[in-house]
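Asker: Sending over a structure as structure tokens; questions will come in a sec.
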Amino acid sequence: MIYLLDTHTFIWAVLKTNNLGKKTKEIISRKTNEVCVSTVSFWEISLKTRIEKFLFAHININDFPQYAKDMDFTILDLQEDETISFHELPLKENHKDPFDRMLIWQAIRKNMTILSKDSLFEQYQEDGLKLIW
């Protein structure tokens, strides 16, 4: 199976594994699964650190890509077909976060299952999103 980590799931996998759900921990630890981190998550970490929404006291955020590699996660680049077709993802009234929406769209377009605790993601299951926590 191929899985895509939501940004908070990736951060918790690196820094706070106790925050991960049991099923998510099992999926991440199973070596037969391909676990991916999108470059969208790195962008979100960078931007939200700049505006102080994310605070990492003893972490250099520039090390997050290396953490992903060290954990054997595949780094998933954002592709032009995903960016140009992004308008096809329905806009949900209560969910406008562009980072979340792009991760959702990547997961749908690549037929991946996203690992996220965010309950707002559930509304995209009717649009083809596969979601596990």
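In the structure tokens, each chain is lettered A, B, ... as it comes, each chain's residues begin at 1, and ligands are numbered from 1 in order of appearance.
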Can you tell me which residues surround Leu120 of chain A at a distance of at most 10 Å, considering only C-alpha atoms, apart from same-chain residues fewer than 3 positions away, and format the answer as a list in words?

Answerer: Lys92, Asn94, His95, Asp100, Ser116, Lys117, Gln123 and Tyr124 of chain A

Asker: Can you pull out the residues contacting Met112 of chain A? Cut-off 7 Å, using only C-alpha atoms, and skip same-chain residues under 2 positions away; I want them as a compact mmCIF listing (two decimals) with N, CA and C atoms, in the first residue's frame.

Answerer:
# COMPACT_ATOMS: atom_id res chain seq x y z
N ILE A 2 0.31 2.33 -0.52
CA ILE A 2 1.01 3.61 -0.54
C ILE A 2 0.20 4.61 0.28
N TYR A 3 0.88 5.29 1.18
CA TYR A 3 0.24 6.23 2.09
C TYR A 3 0.90 7.59 1.99
N LEU A 4 0.09 8.63 2.19
CA LEU A 4 0.57 10.01 2.23
C LEU A 4 0.31 10.56 3.63
N ALA A 107 -3.45 13.01 -2.85
CA ALA A 107 -3.85 11.66 -2.45
C ALA A 107 -4.91 11.11 -3.40
N ILE A 108 -5.89 11.93 -3.75
CA ILE A 108 -6.94 11.48 -4.67
C ILE A 108 -6.35 11.19 -6.04
N LYS A 110 -3.33 10.49 -6.97
CA LYS A 110 -2.36 9.39 -6.99
C LYS A 110 -2.92 8.10 -6.39
N ILE A 114 -4.49 8.79 2.68
CA ILE A 114 -3.87 9.82 3.51
C ILE A 114 -4.06 9.46 4.98
N LYS A 130 -9.24 8.49 0.25
CA LYS A 130 -9.12 7.36 1.18
C LYS A 130 -8.38 7.89 2.39

Asker: Find, counting only C-alpha atoms, the residue in A:Glu34, A:Glu26, A:Glu80, A:Glu126 that gets nearest to Thr113 of chain A.

Answerer: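 Comparing A:Glu34, A:Glu26, A:Glu80, A:Glu126 against Thr113 of chain A, the winner is A:Glu34.
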
Asker: From the options A:Asp118, A:Asn60, A:Gln125, A:Ile45, which residue's atoms come nearest to Gly21 of chain A, counting only C-alpha atoms?

Answerer: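 Result for the nearest residue to Gly21 of chain A: A:Asp118.
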
Asker: Which one of A:Thr49, A:Thr74, A:Asn33, A:Ser38 sits closest to Gln106 of chain A if you count only C-alpha atoms?

Answerer: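 Of the candidates, the smallest distance to Gln106 of chain A is held by A:Ser38.
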
Asker: Would you please extract all alpha helix (DSSP H) residues from segment 1-118 of chain A, as assigned by DSSP on the backbone, and give them as JSON, numbers by chain?

Answerer: {"A": [7, 8, 9, 10, 11, 12, 13, 14, 15, 22, 23, 24, 25, 26, 27, 28, 29, 39, 40, 41, 42, 43, 44, 45, 46, 47, 48, 49, 50, 64, 65, 66, 67, 68, 69, 70, 80, 81, 82, 83, 84, 98, 99, 100, 101, 102, 103, 104, 105, 106, 107, 108, 109]}

Asker: Emit the selected residues as an mmCIF file, in the first residue's frame, including C-alpha atoms.

Answerer:
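Listing of part28.cif after writing:
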data_model
loop_
_atom_site.group_PDB
_atom_site.id
_atom_site.type_symbol
_atom_site.label_atom_id
_atom_site.label_comp_id
_atom_site.auth_asym_id
_atom_site.auth_seq_id
_atom_site.Cartn_x
_atom_site.Cartn_y
_atom_site.Cartn_z
ATOM 1 C CA THR A 7 1.664 17.522 7.711
ATOM 2 C CA HIS A 8 0.754 17.087 11.371
ATOM 3 C CA THR A 9 1.117 13.313 10.997
ATOM 4 C CA PHE A 10 4.609 13.770 9.577
ATOM 5 C CA ILE A 11 5.622 16.175 12.345
ATOM 6 C CA TRP A 12 4.300 13.787 14.993
ATOM 7 C CA ALA A 13 6.074 10.832 13.357
ATOM 8 C CA VAL A 14 9.320 12.776 13.706
ATOM 9 C CA LEU A 15 8.820 14.504 17.061
ATOM 10 C CA LYS A 22 -2.448 3.105 16.822
ATOM 11 C CA LYS A 23 -3.362 2.224 13.238
ATOM 12 C CA THR A 24 -1.206 5.058 11.880
ATOM 13 C CA LYS A 25 1.793 3.857 13.922
ATOM 14 C CA GLU A 26 1.314 0.341 12.574
ATOM 15 C CA ILE A 27 1.126 1.559 8.973
ATOM 16 C CA ILE A 28 4.230 3.732 9.319
ATOM 17 C CA SER A 29 6.255 0.971 10.962
ATOM 18 C CA THR A 39 6.882 18.696 -0.569
ATOM 19 C CA VAL A 40 3.639 20.551 0.178
ATOM 20 C CA SER A 41 4.185 19.609 3.847
ATOM 21 C CA PHE A 42 7.680 21.107 3.808
ATOM 22 C CA TRP A 43 6.226 24.295 2.343
ATOM 23 C CA GLU A 44 3.519 24.347 5.037
ATOM 24 C CA ILE A 45 6.077 23.802 7.809
ATOM 25 C CA SER A 46 8.205 26.628 6.456
ATOM 26 C CA LEU A 47 5.355 29.100 6.056
ATOM 27 C CA LYS A 48 3.705 28.315 9.387
ATOM 28 C CA THR A 49 7.037 28.545 11.177
ATOM 29 C CA ARG A 50 7.558 31.997 9.636
ATOM 30 C CA PHE A 64 12.754 17.939 8.040
ATOM 31 C CA PRO A 65 13.517 16.573 4.544
ATOM 32 C CA GLN A 66 16.430 14.626 6.002
ATOM 33 C CA TYR A 67 14.226 13.310 8.819
ATOM 34 C CA ALA A 68 11.842 12.017 6.150
ATOM 35 C CA LYS A 69 14.697 10.270 4.342
ATOM 36 C CA ASP A 70 16.078 8.852 7.601
ATOM 37 C CA GLU A 80 2.163 20.028 -12.822
ATOM 38 C CA ASP A 81 -0.895 17.845 -13.527
ATOM 39 C CA GLU A 82 -1.846 18.083 -9.844
ATOM 40 C CA THR A 83 -1.450 21.839 -9.740
ATOM 41 C CA ILE A 84 -3.335 22.552 -12.968
ATOM 42 C CA PRO A 98 -4.739 25.375 0.767
ATOM 43 C CA PHE A 99 -2.082 23.028 2.173
ATOM 44 C CA ASP A 100 -4.636 20.487 3.388
ATOM 45 C CA ARG A 101 -6.566 20.744 0.150
ATOM 46 C CA MET A 102 -3.478 20.154 -1.987
ATOM 47 C CA LEU A 103 -2.495 17.121 0.111
ATOM 48 C CA ILE A 104 -6.042 15.800 -0.283
ATOM 49 C CA TRP A 105 -5.856 16.400 -4.034
ATOM 50 C CA GLN A 106 -2.486 14.671 -4.331
ATOM 51 C CA ALA A 107 -3.849 11.658 -2.455
ATOM 52 C CA ILE A 108 -6.940 11.484 -4.666
ATOM 53 C CA ARG A 109 -5.005 11.970 -7.931
#
